[in-house]
Amino acid sequence: MENRIEVLRKHIDHIILNMTDTFERRCAYLHLYGVSQACAFIALRRGENVELATMAGMLHDFYTYKFMDSDRHAEKGAALAREVLNELAITTNDETDLICSAIHNHSSKSGTFPAFDEVLIDADVLQHCIYNITAPVMEHEAARFRKLIKEFDLKYTV
């Protein structure tokens, strides 16, 4: 069986490569791959499923980039992720449910969610905050970013 992460990346890459706006294409690659890698890192630290977290990171904003629409993208993205995972047949129903729950909740930065969902939420915040370390941290992400700084013993002041 082919590597599930690579099967998913191949599917996503096909859509991104065909984006006509080069700026948005770059943003899609940087953000989806960046969050995916941050998910792996955080999942390793917290003892969560690294493979599924990596896949959730790849899919979390796929709806936004595929349709160039961010309206209710977490909810719509969870539905699209379910379609993609079912089409590719690379996850069990329980794994699909886990990934889709994380995607559905990833925009809620102030709530508390199941541990697996928290991995994606925190990875999204981390990627936003370190993409350009000289840019100000968004107010709605500052508290989570401070917790990540403490958790990973980073030398950074928010």
# chains A, B, ... in the order shown; residues from 1 in each chain; ligands from 1
call {"tool": "select_by_dssp", "arguments": {"residues": "region 21-72 of chain A", "states": "alpha helix (DSSP H)", "output": "MDAnalysis selection string"}}
result
chainID A and resid 22:46 50:59 62:67
call {"tool": "residues_around", "arguments": {"residues": "Arg25 (chain A)", "least_positions_apart": "6", "cutoff": "10 Å", "atoms": "only C-alpha atoms", "output": "list of chain:residue names"}}
result
A:Asp13, A:Ile15, A:Ile16, A:Leu17, A:Asn18, A:Met19, A:His31, A:Tyr65
call {"tool": "write_last_selection", "arguments": {"atoms": "C-alpha atoms", "output": "PDB file, in the first residue's frame"}}
result
ATOM      1  CA  ASP A  13      -0.892  19.127  -5.083  1.00  0.00           C
ATOM      2  CA  ILE A  15      -5.422  21.127  -7.225  1.00  0.00           C
ATOM      3  CA  ILE A  16      -2.813  23.631  -6.020  1.00  0.00           C
ATOM      4  CA  LEU A  17      -0.644  23.268  -9.134  1.00  0.00           C
ATOM      5  CA  ASN A  18      -3.619  24.252 -11.264  1.00  0.00           C
ATOM      6  CA  MET A  19      -4.353  27.459  -9.335  1.00  0.00           C
ATOM      7  CA  HIS A  31       0.214  27.184   4.668  1.00  0.00           C
ATOM      8  CA  TYR A  65      -7.769  27.218  -1.627  1.00  0.00           C
TER       9      TYR A  65
END
call {"tool": "closest_atom_pairs", "arguments": {"of": "region 96-122 of chain A", "to": "region 127-146 of chain A", "cutoff": "8 Å", "atoms": "only C-alpha atoms", "output": "tab-separated table"}}
result
residue	atom	partner	partner_atom	distance
A:Lys109	CA	A:Glu141	CA	6.4
A:Ser110	CA	A:His140	CA	7.4
A:Asp122	CA	A:Arg144	CA	6.9
call {"tool": "write_last_selection", "arguments": {"atoms": "N, CA and C atoms", "output": "short mmCIF file (atom, residue, chain, number, x, y, z; two decimals), in the first residue's frame"}}
result
data_model
loop_
_atom_site.label_atom_id
_atom_site.label_comp_id
_atom_site.auth_asym_id
_atom_site.auth_seq_id
_atom_site.Cartn_x
_atom_site.Cartn_y
_atom_site.Cartn_z
N LYS A 109 -10.22 29.42 18.01
CA LYS A 109 -8.95 29.54 18.73
C LYS A 109 -9.11 29.73 20.24
N SER A 110 -10.32 30.10 20.70
CA SER A 110 -10.49 30.37 22.13
C SER A 110 -11.14 29.22 22.88
N ASP A 122 -3.59 24.36 17.29
CA ASP A 122 -2.31 24.94 17.69
C ASP A 122 -1.32 24.99 16.52
#
call {"tool": "atom_distance", "arguments": {"atom1": "CA of Ala43 (chain A)", "atom2": "CA of Asp117 (chain A)"}}
result
10.4 Å
call {"tool": "residues_around", "arguments": {"residues": "Ala74 (chain A)", "least_positions_apart": "3", "cutoff": "9 Å", "atoms": "only C-alpha atoms", "output": "list of chain:residue names"}}
result
A:His60, A:Asp61, A:Tyr63, A:Thr64, A:Ser70, A:Asp71, A:Gly77, A:Ala78, A:Ala79, A:Ile103, A:His104, A:Asn105, A:His106, A:Ser107
call {"tool": "write_last_selection", "arguments": {"atoms": "C-alpha atoms", "output": "compact mmCIF listing (two decimals), in the first residue's frame"}}
result
# COMPACT_ATOMS: atom_id res chain seq x y z
CA HIS A 60 -7.61 21.88 7.04
CA ASP A 61 -7.81 24.85 4.59
CA TYR A 63 -11.63 24.09 0.87
CA THR A 64 -10.46 27.73 1.00
CA SER A 70 -13.09 31.34 3.24
CA ASP A 71 -16.72 31.78 4.33
CA GLY A 77 -13.66 22.12 4.80
CA ALA A 78 -14.62 19.25 7.09
CA ALA A 79 -17.26 18.14 4.57
CA ILE A 103 -10.88 20.50 10.66
CA HIS A 104 -14.38 21.52 11.74
CA ASN A 105 -13.02 23.00 14.99
CA HIS A 106 -9.72 24.48 13.78
CA SER A 107 -10.95 28.08 13.46
call {"tool": "closest_residue", "arguments": {"among": "A:Ser101, A:Arg82, A:Asn93, A:Ala56", "to": "Pro114 (chain A)", "atoms": "only C-alpha atoms"}}
result
A:Ser101
call {"tool": "residues_around", "arguments": {"residues": "Phe116 (chain A)", "least_positions_apart": "6", "cutoff": "10 Å", "atoms": "only C-alpha atoms", "output": "PyMOL selection string"}}
result
chain A and resi 39+42-43+46-50+52-53+56+98-99+101-102
call {"tool": "write_last_selection", "arguments": {"atoms": "C-alpha atoms", "output": "compact mmCIF listing (two decimals), in the first residue's frame"}}
result
# COMPACT_ATOMS: atom_id res chain seq x y z
CA CYS A 39 0.83 19.09 13.23
CA ILE A 42 2.97 18.89 17.98
CA ALA A 43 1.44 15.40 17.71
CA ARG A 46 1.70 15.26 22.79
CA GLY A 47 1.51 11.57 21.91
CA GLU A 48 -1.26 11.96 19.33
CA ASN A 49 -1.49 10.11 16.01
CA VAL A 50 1.20 11.79 13.90
CA LEU A 52 -3.52 11.47 10.96
CA ALA A 53 -2.49 14.86 12.36
CA ALA A 56 -5.52 16.91 8.98
CA LEU A 98 -11.18 12.23 13.81
CA ILE A 99 -9.62 14.27 10.99
CA SER A 101 -13.65 16.91 13.70
CA ALA A 102 -10.28 18.65 13.94
call {"tool": "residues_around", "arguments": {"residues": "His11 (chain A)", "least_positions_apart": "4", "cutoff": "9 Å", "atoms": "only C-alpha atoms", "output": "NGL selection string"}}
result
:A and (6-7 or 15 or 84 or 88)
call {"tool": "write_last_selection", "arguments": {"atoms": "N, CA and C atoms", "output": "compact mmCIF listing (two decimals), in the first residue's frame"}}
result
# COMPACT_ATOMS: atom_id res chain seq x y z
N GLU A 6 1.43 10.61 1.39
CA GLU A 6 1.83 10.97 0.02
C GLU A 6 0.67 10.86 -0.96
N VAL A 7 -0.23 9.90 -0.75
CA VAL A 7 -1.43 9.80 -1.59
C VAL A 7 -2.25 11.08 -1.45
N ILE A 15 -4.53 19.96 -7.26
CA ILE A 15 -5.42 21.13 -7.23
C ILE A 15 -4.59 22.40 -7.13
N VAL A 84 -12.94 13.85 0.14
CA VAL A 84 -11.62 13.50 -0.37
C VAL A 84 -11.14 12.19 0.23
N LEU A 88 -10.42 8.81 -1.86
CA LEU A 88 -9.10 8.19 -1.89
C LEU A 88 -9.06 6.85 -1.17
call {"tool": "closest_residue", "arguments": {"among": "A:Val35, A:His73, A:Leu120, A:Arg4", "to": "Thr92 (chain A)", "atoms": "only C-alpha atoms"}}
result
A:Arg4
call {"tool": "closest_residue", "arguments": {"among": "A:Ala38, A:Met58, A:Met68, A:Leu8", "to": "Asp21 (chain A)", "atoms": "only C-alpha atoms"}}
result
A:Met68
call {"tool": "residues_around", "arguments": {"residues": "Ser36 (chain A)", "least_positions_apart": "5", "cutoff": "7 Å", "atoms": "only C-alpha atoms", "output": "JSON, numbers by chain"}}
result
{"A": [54, 55, 57, 58]}
